[in-house]
Each structure stands twice: as C-alpha cells, then as structure tokens.
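Quick look at upload_4.txt (compact mmCIF, C-alpha atoms):
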# COMPACT_ATOMS: atom_id res chain seq x y z
CA MET A 9 147.73 18.12 12.43
CA ILE A 10 144.89 16.81 14.58
CA LYS A 11 141.80 19.01 14.69
CA VAL A 12 138.47 19.33 16.46
CA GLY A 13 136.27 16.36 15.53
CA ASP A 14 139.20 13.96 15.04
CA ARG A 15 139.76 10.92 17.23
CA LEU A 16 142.97 10.92 19.26
CA PRO A 17 145.31 8.41 17.58
CA ALA A 18 145.80 5.10 19.36
CA THR A 19 149.23 5.12 20.99
CA THR A 20 150.88 3.74 24.08
CA LEU A 21 151.91 6.12 26.83
CA MET A 22 153.68 5.16 30.05
CA GLU A 23 152.78 6.10 33.62
CA TYR A 24 154.94 5.68 36.69
CA VAL A 25 152.90 4.17 39.51
CA GLU A 26 154.13 4.84 43.05
CA GLN A 27 152.24 2.09 44.88
CA ALA A 28 151.32 -1.44 43.95
CA GLY A 29 147.61 -2.01 43.62
CA GLU A 30 145.22 -4.55 42.23
CA GLY A 31 146.69 -5.66 38.91
CA CYS A 32 149.23 -2.87 38.95
CA SER A 33 152.90 -3.12 39.77
CA ILE A 34 155.13 -0.32 41.01
CA GLY A 35 156.96 1.35 38.18
CA PRO A 36 156.14 2.17 34.56
CA ASN A 37 152.83 0.86 33.31
CA LYS A 38 151.40 1.04 29.80
CA VAL A 39 148.43 3.28 29.13
CA GLU A 40 146.78 2.36 25.84
CA THR A 41 145.10 5.61 24.85
CA GLU A 42 142.30 4.00 22.86
CA ALA A 43 141.14 1.91 25.83
CA ALA A 44 141.83 4.59 28.47
CA LEU A 45 139.61 7.16 26.71
CA VAL A 46 136.49 5.01 26.31
CA GLY A 47 133.48 6.62 27.98
CA LYS A 48 135.56 9.39 29.59
CA THR A 49 135.94 13.12 29.32
CA ILE A 50 139.63 14.00 29.51
CA ALA A 51 141.34 17.38 29.77
CA LEU A 52 144.72 16.71 28.18
CA PHE A 53 147.57 19.17 28.09
CA ALA A 54 151.02 18.62 26.70
CA VAL A 55 154.31 20.27 27.51
CA PRO A 56 157.70 20.17 25.75
CA GLY A 57 159.35 18.70 28.83
CA ALA A 58 159.00 17.99 32.52
CA PHE A 59 160.86 20.25 34.92
CA THR A 60 161.14 23.07 32.37
CA PRO A 61 160.64 26.58 33.83
CA THR A 62 157.29 27.57 32.27
CA CYS A 63 155.87 24.07 32.62
CA SER A 64 156.90 23.70 36.28
CA VAL A 65 156.05 27.22 37.42
CA SER A 66 152.88 27.99 35.45
CA HIS A 67 151.49 25.25 33.24
CA LEU A 68 151.24 22.19 35.50
CA PRO A 69 150.50 24.20 38.68
CA GLY A 70 147.62 25.96 36.90
CA TYR A 71 145.93 22.64 36.17
CA LEU A 72 146.69 21.37 39.66
CA GLU A 73 145.13 24.46 41.29
CA ARG A 74 142.00 24.09 39.15
CA SER A 75 141.67 20.30 39.24
CA ALA A 76 138.51 20.42 41.37
CA ASP A 77 136.97 22.95 38.94
CA PHE A 78 137.66 20.59 36.04
CA LYS A 79 135.98 17.72 37.91
CA ALA A 80 132.99 19.96 38.72
CA ALA A 81 132.74 20.80 35.00
CA GLY A 82 132.40 17.11 34.11
CA VAL A 83 136.02 16.19 33.38
CA ASP A 84 136.80 12.64 34.53
CA GLU A 85 140.59 12.91 34.40
CA ILE A 86 143.31 15.45 33.66
CA TRP A 87 146.30 14.16 31.71
CA CYS A 88 149.65 15.87 31.32
CA VAL A 89 151.72 14.40 28.49
CA SER A 90 155.38 15.07 27.76
CA VAL A 91 158.17 13.55 25.70
CA ASN A 92 160.04 12.22 28.73
CA ASP A 93 160.40 8.77 30.21
CA ALA A 94 158.02 7.48 32.87
CA PHE A 95 160.63 7.83 35.64
CA VAL A 96 161.08 11.55 34.91
CA MET A 97 157.31 12.05 34.80
CA GLY A 98 156.97 10.15 38.09
CA ALA A 99 159.60 12.36 39.73
CA TRP A 100 157.87 15.48 38.42
CA ALA A 101 154.52 14.21 39.75
CA ARG A 102 156.07 13.73 43.21
CA GLU A 103 157.66 17.17 43.15
CA GLN A 104 154.44 18.89 42.06
CA GLY A 105 152.09 16.82 44.29
CA THR A 106 149.76 15.72 41.49
CA ALA A 107 148.72 12.35 42.97
CA GLY A 108 144.99 11.77 42.57
CA LYS A 109 144.55 14.99 40.59
CA ILE A 110 146.59 14.83 37.37
CA ARG A 111 147.99 11.79 35.56
CA LEU A 112 151.50 12.49 34.26
CA LEU A 113 151.98 10.35 31.17
CA ALA A 114 155.23 9.79 29.32
CA ASP A 115 155.34 9.89 25.53
CA GLY A 116 158.94 8.68 25.60
CA ASP A 117 159.36 8.10 21.88
CA ALA A 118 157.12 11.02 20.85
CA ALA A 119 154.62 8.60 19.27
CA LEU A 120 151.60 10.66 20.33
CA ALA A 121 153.27 13.95 19.40
CA ARG A 122 154.06 12.59 15.92
CA ALA A 123 150.65 10.93 15.44
CA THR A 124 148.84 14.19 16.25
CA GLY A 125 151.23 16.34 14.22
CA LEU A 126 151.94 18.39 17.34
CA THR A 127 155.71 18.10 17.39
CA LEU A 128 158.30 20.67 18.28
CA ASP A 129 161.80 20.11 16.92
CA LEU A 130 164.28 21.29 19.52
CA SER A 131 167.23 19.42 18.02
CA GLY A 132 169.11 22.70 17.62
CA ARG A 133 168.97 23.06 21.41
CA GLY A 134 170.06 19.48 22.04
CA LEU A 135 166.56 18.37 23.11
CA GLY A 136 165.44 16.46 20.02
CA LEU A 137 161.82 16.02 18.99
CA ARG A 138 159.41 17.20 21.69
CA SER A 139 155.70 17.84 21.99
CA ASN A 140 154.28 21.21 21.18
CA ARG A 141 152.53 22.93 24.08
CA TYR A 142 148.76 22.46 23.71
CA SER A 143 145.56 21.59 25.53
CA MET A 144 142.50 19.69 24.41
CA LEU A 145 139.23 18.35 25.68
CA LEU A 146 138.49 14.77 24.67
CA GLN A 147 135.11 13.07 24.95
CA ASP A 148 135.22 9.34 24.36
CA GLY A 149 138.49 9.90 22.48
CA VAL A 150 137.16 12.62 20.16
CA VAL A 151 138.71 16.10 20.22
CA LYS A 152 136.09 18.66 21.24
CA VAL A 153 138.42 21.60 21.99
CA LEU A 154 142.00 22.16 20.82
CA ASN A 155 144.36 24.99 21.78
CA VAL A 156 147.82 24.92 20.21
CA GLU A 157 150.53 27.36 21.26
CA GLY A 158 152.66 29.26 18.83
CA PRO A 159 156.44 28.86 19.12
CA GLY A 160 157.74 30.18 22.44
CA LYS A 161 154.23 31.12 23.62
CA PHE A 162 152.12 30.32 26.67
CA GLU A 163 148.81 32.00 25.95
CA VAL A 164 146.08 29.49 25.07
CA SER A 165 147.00 26.09 26.54
CA ASP A 166 146.70 27.18 30.18
CA ALA A 167 144.13 25.72 32.57
CA GLY A 168 142.03 28.89 32.72
CA THR A 169 141.51 29.02 28.95
CA LEU A 170 140.55 25.35 28.64
CA LEU A 171 138.27 25.50 31.69
CA ALA A 172 136.45 28.56 30.30
CA GLN A 173 135.92 26.73 26.99
CA ILE A 174 134.54 23.67 28.80
CA LYS A 175 132.12 25.76 30.83
CA GLY A 176 131.02 27.47 27.61
Let me see the structure of the file written as structure tokens.
Amino acid sequence: MIKVGDRLPATTLMEYVEQAGEGCSIGPNKVETEAALVGKTIALFAVPGAFTPTCSVSHLPGYLERSADFKAAGVDEIWCVSVNDAFVMGAWAREQGTAGKIRLLADGDAALARATGLTLDLSGRGLGLRSNRYSMLLQDGVVKVLNVEGPGKFEVSDAGTLLAQIKG
C-alpha cells in the first residue's frame, strides 16, 4: 500500500469537461497524473462510488464547503477520485455543484486504486473492485499526508481532518 513519502503512481484518470475550451473538447478527457501533479499541491480524496449515500451527503459536500479554506492553506486543486466512468463523475459534479472547486476524476478501470494498493473488493455486493475511502495531500506528486478509512468507516478521510493536518 502507498505510504507517506511515496510518489503517486503514474496512471491515467478521466475527467468529464462540460464546456469546450482552448485545446479541450467537451466530454471525457485524459488526465495523466504524473504530468498533472508537477509543481502542485493537491488534496486528493477517494470514494468507493459516486452518488453513494455517505459520499453524496457527507464526504464530497464537506470538501466543497471547505474548498476556499483548502486554497487559503496553499492547496492548488482538490481532486475527488472514484471507480466510475467519466460520465457518471460529470453527472455527480453537476448535481453537487463542484465546478471550479473540485475536480471529479474517474478511475474507471481502478488503475489508480490498484497501483496504490487502496482497493475495496465489493464483488459480494455486485459492485466489483472499488477504491477504498481515503484522503491524501500530495506535493509535486509525493504523498505528504495519508488517511485511510477502515472498512465501513468515515472517520479520518473527511475534509476537516485533512485540512487540520495541512494547517499543522
């Protein structure tokens, strides 16, 4: 499993983009983690799935409510990663109103979850391999803080815990 001091593995995530922009088409776009992390401080949190009760009611809204506090603490971007496709993540972003505050990134094939060792096997519930719930602070791609939830828990990966750790 990934730990503090490790570099986040290079993987490709997908992001649904609502509006065409310079060099960017509407729809799913690749986000190469290695390139996207260079020179940035990222608060990354992962959830087992978009639209799930805890994730939709507590986890994502907590980061959304505190997004300005993260920026004030020196965080360049907040990323939410889930083992869903980019269209689902785009729909969840619209529903939650995350535009300009949190990037919702799809780990559709669980490549990042597997590469970090932060997987959650929900095959018995018909959901397949998912991401464990966790949060981390990355500086230039290196893990500085890591909070991994125990099974069925929501105690340490919330926005308040990570923000307090960033502020020291």
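Between CA of Ala119 in chain A and CA of Ser64 in chain A the interatomic distance comes to 22.9 Å.
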Discussion item. Using all atoms listed in the file, list the residues that have an atom at most 12 Å from (153.1, -2.5, 30.8), coordinates as in the file, as a VMD selection string.
Written reply: chain A and resid 20 to 25 31 to 40 94
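Take the candidates A:Thr19, A:Gln147, A:Gln104, A:Thr62 and check each one against Asp166 in chain A using all atoms listed in the file; the shortest distance goes to A:Thr62.
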Practice prompt. Name the residues, using the chain letters and numbers of the file, that sit within 10 Å of (139.4, 15.9, 34.7) when counting all atoms listed in the file, and give them as a ChimeraX atom specification.
Written response: /A:48-52,71,74-87,109-111,145
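The smallest atom-to-atom distance between Gln173 in chain A and any of A:Val12, A:Ala121, A:Met144, A:Val156, using only C-alpha atoms, is found for A:Met144.
CA of Asn140 in chain A sits 12.7 Å away from CA of Ala58 in chain A.
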Item to complete: Calculate how many Å separate CA of Gly13 in chain A from CA of Asp148 in chain A, rounding to one decimal.
Response: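 Taking CA of Gly13 in chain A as the start and CA of Asp148 in chain A as the end point, the length is 11.3 Å.
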Item to complete: Have a look at A:Pro69, A:Leu170, A:Asp14, A:Ala44 and name the one nearest to Glu103 in chain A; count all atoms listed in the file.
Response: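 Closest residue, counting all atoms listed in the file: A:Pro69.
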Worksheet item: Between A:Gly176, A:Leu45, A:Asp115, A:Val55, which is the closest to Lys161 in chain A once you count all atoms listed in the file?
Response: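 Distance minimum relative to Lys161 in chain A lands on A:Val55.
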Return as AutoDock Vina command-line options the box centre and box size in Å, one decimal, for an axis-aligned box around all listed atoms of range 114-126 of chain A padded by 8 Å per side.
--center_x 154.1 --center_y 13.2 --center_z 21.8 --size_x 26.5 --size_y 26.3 --size_z 31.1
Practice prompt. Have a look at A:Gly57, A:Gly125, A:Leu72, A:Gly105 and name the one nearest to Met9 in chain A; count only C-alpha atoms.
Written response: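 Smallest distance to Met9 in chain A is found for A:Gly125.
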Discussion item. Report as a list in words all protein, DNA and RNA residues lying within 9 Å of Ala114 in chain A, evaluated on only C-alpha atoms, omitting residues in the same chain fewer than 2 positions from it.
Written reply: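 The filter keeps Leu21, Met22, Glu23, Tyr24, Cys88, Val89, Ser90, Val91, Asn92, Asp93, Ala94, Phe95, Val96, Met97, Gly98, Leu112, Gly116, Asp117 and Ala118 of chain A.
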Discussion item. List as a PyMOL selection string the protein and nucleic acid residues near Ile10 in chain A, meaning an atom at most 12 Å away when all atoms listed in the file are counted, but skip any in the same chain fewer than 4 places from it.
Written reply: chain A and resi 14-17+120-127+142-144+150-156
Discussion item. My list of candidates is A:Gly70, A:Gly149, A:Pro61, A:Gly108. Which is closest to Ser165 in chain A when distances are computed with all atoms listed in the file?
Written reply: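 Among the listed residues, the smallest separation from Ser165 in chain A belongs to A:Gly70.
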Could I get range 34-48 of chain A rebuilt with N, CA, C and O atoms, written as an mmCIF file, in the coordinates of the input?
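Once everything was written out, this is part_38.cif:
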data_model
loop_
_atom_site.group_PDB
_atom_site.id
_atom_site.type_symbol
_atom_site.label_atom_id
_atom_site.label_comp_id
_atom_site.auth_asym_id
_atom_site.auth_seq_id
_atom_site.Cartn_x
_atom_site.Cartn_y
_atom_site.Cartn_z
ATOM 1 N N ILE A 34 154.394 -1.571 40.851
ATOM 2 C CA ILE A 34 155.130 -0.320 41.010
ATOM 3 C C ILE A 34 156.026 -0.144 39.792
ATOM 4 O O ILE A 34 156.644 -1.084 39.322
ATOM 5 N N GLY A 35 156.106 1.065 39.314
ATOM 6 C CA GLY A 35 156.960 1.350 38.180
ATOM 7 C C GLY A 35 156.170 1.725 36.951
ATOM 8 O O GLY A 35 154.976 1.982 37.022
ATOM 9 N N PRO A 36 156.832 1.770 35.800
ATOM 10 C CA PRO A 36 156.140 2.170 34.560
ATOM 11 C C PRO A 36 155.082 1.155 34.141
ATOM 12 O O PRO A 36 155.319 -0.043 34.154
ATOM 13 N N ASN A 37 153.931 1.682 33.795
ATOM 14 C CA ASN A 37 152.830 0.860 33.310
ATOM 15 C C ASN A 37 152.317 1.450 32.007
ATOM 16 O O ASN A 37 152.250 2.671 31.849
ATOM 17 N N LYS A 38 151.932 0.590 31.082
ATOM 18 C CA LYS A 38 151.400 1.040 29.800
ATOM 19 C C LYS A 38 149.999 1.615 29.969
ATOM 20 O O LYS A 38 149.182 1.092 30.720
ATOM 21 N N VAL A 39 149.756 2.687 29.232
ATOM 22 C CA VAL A 39 148.430 3.280 29.130
ATOM 23 C C VAL A 39 148.100 3.303 27.645
ATOM 24 O O VAL A 39 148.678 4.085 26.885
ATOM 25 N N GLU A 40 147.221 2.407 27.237
ATOM 26 C CA GLU A 40 146.780 2.360 25.840
ATOM 27 C C GLU A 40 145.709 3.427 25.678
ATOM 28 O O GLU A 40 144.625 3.316 26.258
ATOM 29 N N THR A 41 146.001 4.463 24.921
ATOM 30 C CA THR A 41 145.100 5.610 24.850
ATOM 31 C C THR A 41 143.697 5.219 24.390
ATOM 32 O O THR A 41 142.710 5.704 24.949
ATOM 33 N N GLU A 42 143.612 4.370 23.396
ATOM 34 C CA GLU A 42 142.300 4.000 22.860
ATOM 35 C C GLU A 42 141.395 3.429 23.954
ATOM 36 O O GLU A 42 140.242 3.834 24.093
ATOM 37 N N ALA A 43 141.918 2.527 24.761
ATOM 38 C CA ALA A 43 141.140 1.910 25.830
ATOM 39 C C ALA A 43 140.913 2.877 26.999
ATOM 40 O O ALA A 43 139.837 2.902 27.597
ATOM 41 N N ALA A 44 141.917 3.695 27.315
ATOM 42 C CA ALA A 44 141.830 4.590 28.470
ATOM 43 C C ALA A 44 140.842 5.740 28.260
ATOM 44 O O ALA A 44 140.389 6.350 29.229
ATOM 45 N N LEU A 45 140.496 6.038 27.012
ATOM 46 C CA LEU A 45 139.610 7.160 26.710
ATOM 47 C C LEU A 45 138.131 6.766 26.602
ATOM 48 O O LEU A 45 137.261 7.638 26.622
ATOM 49 N N VAL A 46 137.860 5.477 26.525
ATOM 50 C CA VAL A 46 136.490 5.010 26.310
ATOM 51 C C VAL A 46 135.568 5.486 27.441
ATOM 52 O O VAL A 46 135.825 5.258 28.615
ATOM 53 N N GLY A 47 134.503 6.185 27.033
ATOM 54 C CA GLY A 47 133.480 6.620 27.980
ATOM 55 C C GLY A 47 133.915 7.719 28.926
ATOM 56 O O GLY A 47 133.213 8.000 29.901
ATOM 57 N N LYS A 48 135.050 8.368 28.671
ATOM 58 C CA LYS A 48 135.560 9.390 29.590
ATOM 59 C C LYS A 48 135.696 10.742 28.908
ATOM 60 O O LYS A 48 135.890 10.837 27.700
#
